[in-house]
Amino acid sequence: MNFLIDYNLTGDAVLFWGTLSAEGWLELLPIRFFTFQDADLPMDSSDRAVWHNAAQQPNDPDYR
């Protein structure tokens, strides 16, 4: 599962990642977090641009 993390949630994502890791979820599920920068999206991207970007990479496990 790929999750695109908005810049407003970066700190929360780090905490969530730590919880997932500590509870063993990362051993069970292929979870990856990506920032807008990782996805080559400007921080002020519109919802439409974000959805368009996500639609381009729907099931690509190597998505950045």
# chains A, B, ... in the order shown; residues from 1 in each chain; ligands from 1

call {"tool": "select_by_dssp", "arguments": {"residues": "chain A", "states": "strand (DSSP E)", "output": "list in words"}}
result
Asn2, Phe3, Leu4, Ile5, Arg32, Phe33, Phe34 and Thr35 of chain A

call {"tool": "residues_around", "arguments": {"residues": "A:Ile5", "least_positions_apart": "5", "cutoff": "10 Å", "atoms": "only C-alpha atoms", "output": "list in words"}}
result
Thr10, Gly11, Asp12, Ala13, Phe33, Phe34, Thr35, Phe36, Gln37, Asp38 and Ala39 of chain A

call {"tool": "write_last_selection", "arguments": {"atoms": "N, CA, C and O atoms", "output": "JSON list (two decimals), in the first residue's frame"}}
result
[["chain", "number", "residue", "atom", "x", "y", "z"],
["A", 10, "THR", "N", 3.36, 15.36, 7.74],
["A", 10, "THR", "CA", 4.66, 14.68, 7.75],
["A", 10, "THR", "C", 5.04, 14.21, 9.14],
["A", 10, "THR", "O", 5.45, 13.06, 9.33],
["A", 11, "GLY", "N", 4.92, 15.06, 10.14],
["A", 11, "GLY", "CA", 5.26, 14.67, 11.51],
["A", 11, "GLY", "C", 4.38, 13.56, 12.03],
["A", 11, "GLY", "O", 4.87, 12.61, 12.67],
["A", 12, "ASP", "N", 3.08, 13.64, 11.74],
["A", 12, "ASP", "CA", 2.16, 12.58, 12.16],
["A", 12, "ASP", "C", 2.49, 11.28, 11.45],
["A", 12, "ASP", "O", 2.39, 10.20, 12.04],
["A", 13, "ALA", "N", 2.90, 11.36, 10.19],
["A", 13, "ALA", "CA", 3.25, 10.15, 9.43],
["A", 13, "ALA", "C", 4.46, 9.46, 10.05],
["A", 13, "ALA", "O", 4.50, 8.23, 10.11],
["A", 33, "PHE", "N", 5.23, 5.11, 2.55],
["A", 33, "PHE", "CA", 4.78, 6.49, 2.63],
["A", 33, "PHE", "C", 5.61, 7.32, 1.66],
["A", 33, "PHE", "O", 6.81, 7.13, 1.54],
["A", 34, "PHE", "N", 4.95, 8.26, 0.97],
["A", 34, "PHE", "CA", 5.61, 9.16, 0.04],
["A", 34, "PHE", "C", 5.19, 10.59, 0.33],
["A", 34, "PHE", "O", 4.04, 10.83, 0.65],
["A", 35, "THR", "N", 6.12, 11.49, 0.21],
["A", 35, "THR", "CA", 5.79, 12.90, 0.35],
["A", 35, "THR", "C", 5.48, 13.48, -1.03],
["A", 35, "THR", "O", 5.74, 12.84, -2.05],
["A", 36, "PHE", "N", 4.95, 14.67, -1.05],
["A", 36, "PHE", "CA", 4.70, 15.34, -2.33],
["A", 36, "PHE", "C", 6.02, 15.49, -3.09],
["A", 36, "PHE", "O", 6.07, 15.33, -4.30],
["A", 37, "GLN", "N", 7.10, 15.79, -2.37],
["A", 37, "GLN", "CA", 8.41, 15.93, -3.01],
["A", 37, "GLN", "C", 8.82, 14.61, -3.66],
["A", 37, "GLN", "O", 9.32, 14.61, -4.78],
["A", 38, "ASP", "N", 8.61, 13.50, -2.97],
["A", 38, "ASP", "CA", 8.94, 12.19, -3.54],
["A", 38, "ASP", "C", 8.17, 11.94, -4.84],
["A", 38, "ASP", "O", 8.66, 11.27, -5.75],
["A", 39, "ALA", "N", 6.94, 12.44, -4.89],
["A", 39, "ALA", "CA", 6.07, 12.24, -6.05],
["A", 39, "ALA", "C", 6.22, 13.35, -7.09],
["A", 39, "ALA", "O", 5.45, 13.41, -8.05]]

call {"tool": "select_by_dssp", "arguments": {"residues": "chain A", "states": "helix (DSSP H, G or I)", "output": "ChimeraX atom specification"}}
result
/A:7-22,25-28,47-56

call {"tool": "closest_residue", "arguments": {"among": "A:Trp25, A:Asp6, A:Met1, A:Arg32", "to": "A:Ser45", "atoms": "only C-alpha atoms"}}
result
A:Asp6

call {"tool": "atom_distance", "arguments": {"atom1": "atom CA of A:Pro42", "atom2": "atom CA of A:Ala55"}}
result
16.8 Å

call {"tool": "residues_around", "arguments": {"residues": "A:Ile31", "least_positions_apart": "6", "cutoff": "10 Å", "atoms": "only C-alpha atoms", "output": "list in words"}}
result
Met1, Asn2, Phe3, Trp17, Leu20, Trp25 and Pro61 of chain A

call {"tool": "atom_distance", "arguments": {"atom1": "atom CA of A:Gly18", "atom2": "atom CA of A:Pro30"}}
result
14.7 Å

call {"tool": "decode", "arguments": {"residues": "stretch 15-51 of chain A", "atoms": "N, CA, C and O atoms", "output": "compact mmCIF listing (two decimals), in the first residue's frame"}}
result
# COMPACT_ATOMS: atom_id res chain seq x y z
N LEU A 15 5.31 9.50 13.20
CA LEU A 15 4.83 8.83 14.42
C LEU A 15 4.04 7.56 14.07
O LEU A 15 4.20 6.52 14.71
N PHE A 16 3.18 7.67 13.06
CA PHE A 16 2.38 6.52 12.63
C PHE A 16 3.27 5.40 12.12
O PHE A 16 3.06 4.22 12.41
N TRP A 17 4.30 5.75 11.34
CA TRP A 17 5.25 4.76 10.82
C TRP A 17 5.93 4.03 11.99
O TRP A 17 6.08 2.81 11.96
N GLY A 18 6.31 4.77 13.00
CA GLY A 18 6.93 4.15 14.18
C GLY A 18 5.99 3.18 14.86
O GLY A 18 6.40 2.10 15.29
N THR A 19 4.73 3.55 14.97
CA THR A 19 3.73 2.66 15.57
C THR A 19 3.53 1.41 14.73
O THR A 19 3.49 0.29 15.25
N LEU A 20 3.40 1.59 13.42
CA LEU A 20 3.25 0.43 12.53
C LEU A 20 4.43 -0.52 12.66
O LEU A 20 4.27 -1.74 12.70
N SER A 21 5.61 0.04 12.73
CA SER A 21 6.82 -0.76 12.86
C SER A 21 6.86 -1.49 14.20
O SER A 21 7.12 -2.70 14.26
N ALA A 22 6.59 -0.76 15.27
CA ALA A 22 6.65 -1.35 16.61
C ALA A 22 5.63 -2.47 16.79
O ALA A 22 5.89 -3.44 17.51
N GLU A 23 4.48 -2.35 16.13
CA GLU A 23 3.43 -3.35 16.27
C GLU A 23 3.56 -4.51 15.27
O GLU A 23 2.75 -5.42 15.27
N GLY A 24 4.58 -4.44 14.41
CA GLY A 24 4.83 -5.54 13.48
C GLY A 24 4.06 -5.50 12.18
O GLY A 24 4.15 -6.44 11.38
N TRP A 25 3.32 -4.42 11.93
CA TRP A 25 2.52 -4.35 10.71
C TRP A 25 3.37 -4.30 9.45
O TRP A 25 2.95 -4.78 8.40
N LEU A 26 4.55 -3.72 9.55
CA LEU A 26 5.39 -3.59 8.36
C LEU A 26 5.92 -4.94 7.89
O LEU A 26 6.33 -5.09 6.75
N GLU A 27 5.89 -5.92 8.77
CA GLU A 27 6.29 -7.28 8.39
C GLU A 27 5.15 -8.00 7.70
O GLU A 27 5.38 -8.97 6.98
N LEU A 28 3.93 -7.54 7.91
CA LEU A 28 2.75 -8.19 7.34
C LEU A 28 2.26 -7.55 6.05
O LEU A 28 1.73 -8.24 5.17
N LEU A 29 2.41 -6.25 5.94
CA LEU A 29 1.87 -5.51 4.80
C LEU A 29 2.96 -4.66 4.15
O LEU A 29 3.76 -4.04 4.85
N PRO A 30 2.97 -4.60 2.82
CA PRO A 30 3.94 -3.74 2.13
C PRO A 30 3.45 -2.29 2.14
O PRO A 30 2.77 -1.85 1.22
N ILE A 31 3.77 -1.55 3.18
CA ILE A 31 3.32 -0.17 3.34
C ILE A 31 4.47 0.77 3.03
O ILE A 31 5.58 0.59 3.52
N ARG A 32 4.16 1.78 2.21
CA ARG A 32 5.16 2.80 1.88
C ARG A 32 4.52 4.17 1.96
O ARG A 32 3.40 4.35 1.50
N PHE A 33 5.23 5.11 2.55
CA PHE A 33 4.78 6.49 2.63
C PHE A 33 5.61 7.32 1.66
O PHE A 33 6.81 7.13 1.54
N PHE A 34 4.95 8.26 0.97
CA PHE A 34 5.61 9.16 0.04
C PHE A 34 5.19 10.59 0.33
O PHE A 34 4.04 10.83 0.65
N THR A 35 6.12 11.49 0.21
CA THR A 35 5.79 12.90 0.35
C THR A 35 5.48 13.48 -1.03
O THR A 35 5.74 12.84 -2.05
N PHE A 36 4.95 14.67 -1.05
CA PHE A 36 4.70 15.34 -2.33
C PHE A 36 6.02 15.49 -3.09
O PHE A 36 6.07 15.33 -4.30
N GLN A 37 7.10 15.79 -2.37
CA GLN A 37 8.41 15.93 -3.01
C GLN A 37 8.82 14.61 -3.66
O GLN A 37 9.32 14.61 -4.78
N ASP A 38 8.61 13.50 -2.97
CA ASP A 38 8.94 12.19 -3.54
C ASP A 38 8.17 11.94 -4.84
O ASP A 38 8.66 11.27 -5.75
N ALA A 39 6.94 12.44 -4.89
CA ALA A 39 6.07 12.24 -6.05
C ALA A 39 6.22 13.35 -7.09
O ALA A 39 5.45 13.41 -8.05
N ASP A 40 7.20 14.23 -6.91
CA ASP A 40 7.43 15.36 -7.82
C ASP A 40 6.19 16.25 -7.95
O ASP A 40 5.87 16.74 -9.03
N LEU A 41 5.51 16.45 -6.84
CA LEU A 41 4.35 17.34 -6.80
C LEU A 41 4.70 18.58 -5.99
O LEU A 41 5.31 18.48 -4.92
N PRO A 42 4.31 19.76 -6.46
CA PRO A 42 4.51 20.96 -5.65
C PRO A 42 3.68 20.87 -4.37
O PRO A 42 2.62 20.25 -4.35
N MET A 43 4.17 21.50 -3.31
CA MET A 43 3.45 21.45 -2.03
C MET A 43 2.06 22.06 -2.12
O MET A 43 1.18 21.69 -1.37
N ASP A 44 1.85 22.97 -3.06
CA ASP A 44 0.55 23.62 -3.19
C ASP A 44 -0.30 22.99 -4.30
O ASP A 44 -1.18 23.63 -4.86
N SER A 45 -0.06 21.72 -4.59
CA SER A 45 -0.80 21.02 -5.64
C SER A 45 -2.30 20.99 -5.32
O SER A 45 -2.69 20.82 -4.17
N SER A 46 -3.09 21.16 -6.36
CA SER A 46 -4.53 21.07 -6.19
C SER A 46 -4.93 19.61 -5.97
O SER A 46 -4.17 18.69 -6.29
N ASP A 47 -6.11 19.42 -5.44
CA ASP A 47 -6.62 18.05 -5.28
C ASP A 47 -6.66 17.33 -6.62
O ASP A 47 -6.34 16.15 -6.71
N ARG A 48 -7.04 18.05 -7.65
CA ARG A 48 -7.11 17.45 -8.99
C ARG A 48 -5.74 16.95 -9.44
O ARG A 48 -5.62 15.85 -9.98
N ALA A 49 -4.68 17.74 -9.20
CA ALA A 49 -3.33 17.32 -9.59
C ALA A 49 -2.88 16.10 -8.79
O ALA A 49 -2.25 15.19 -9.32
N VAL A 50 -3.22 16.08 -7.50
CA VAL A 50 -2.86 14.93 -6.66
C VAL A 50 -3.57 13.67 -7.15
O VAL A 50 -2.95 12.61 -7.29
N TRP A 51 -4.87 13.77 -7.41
CA TRP A 51 -5.62 12.61 -7.89
C TRP A 51 -5.12 12.15 -9.25
O TRP A 51 -5.03 10.95 -9.51
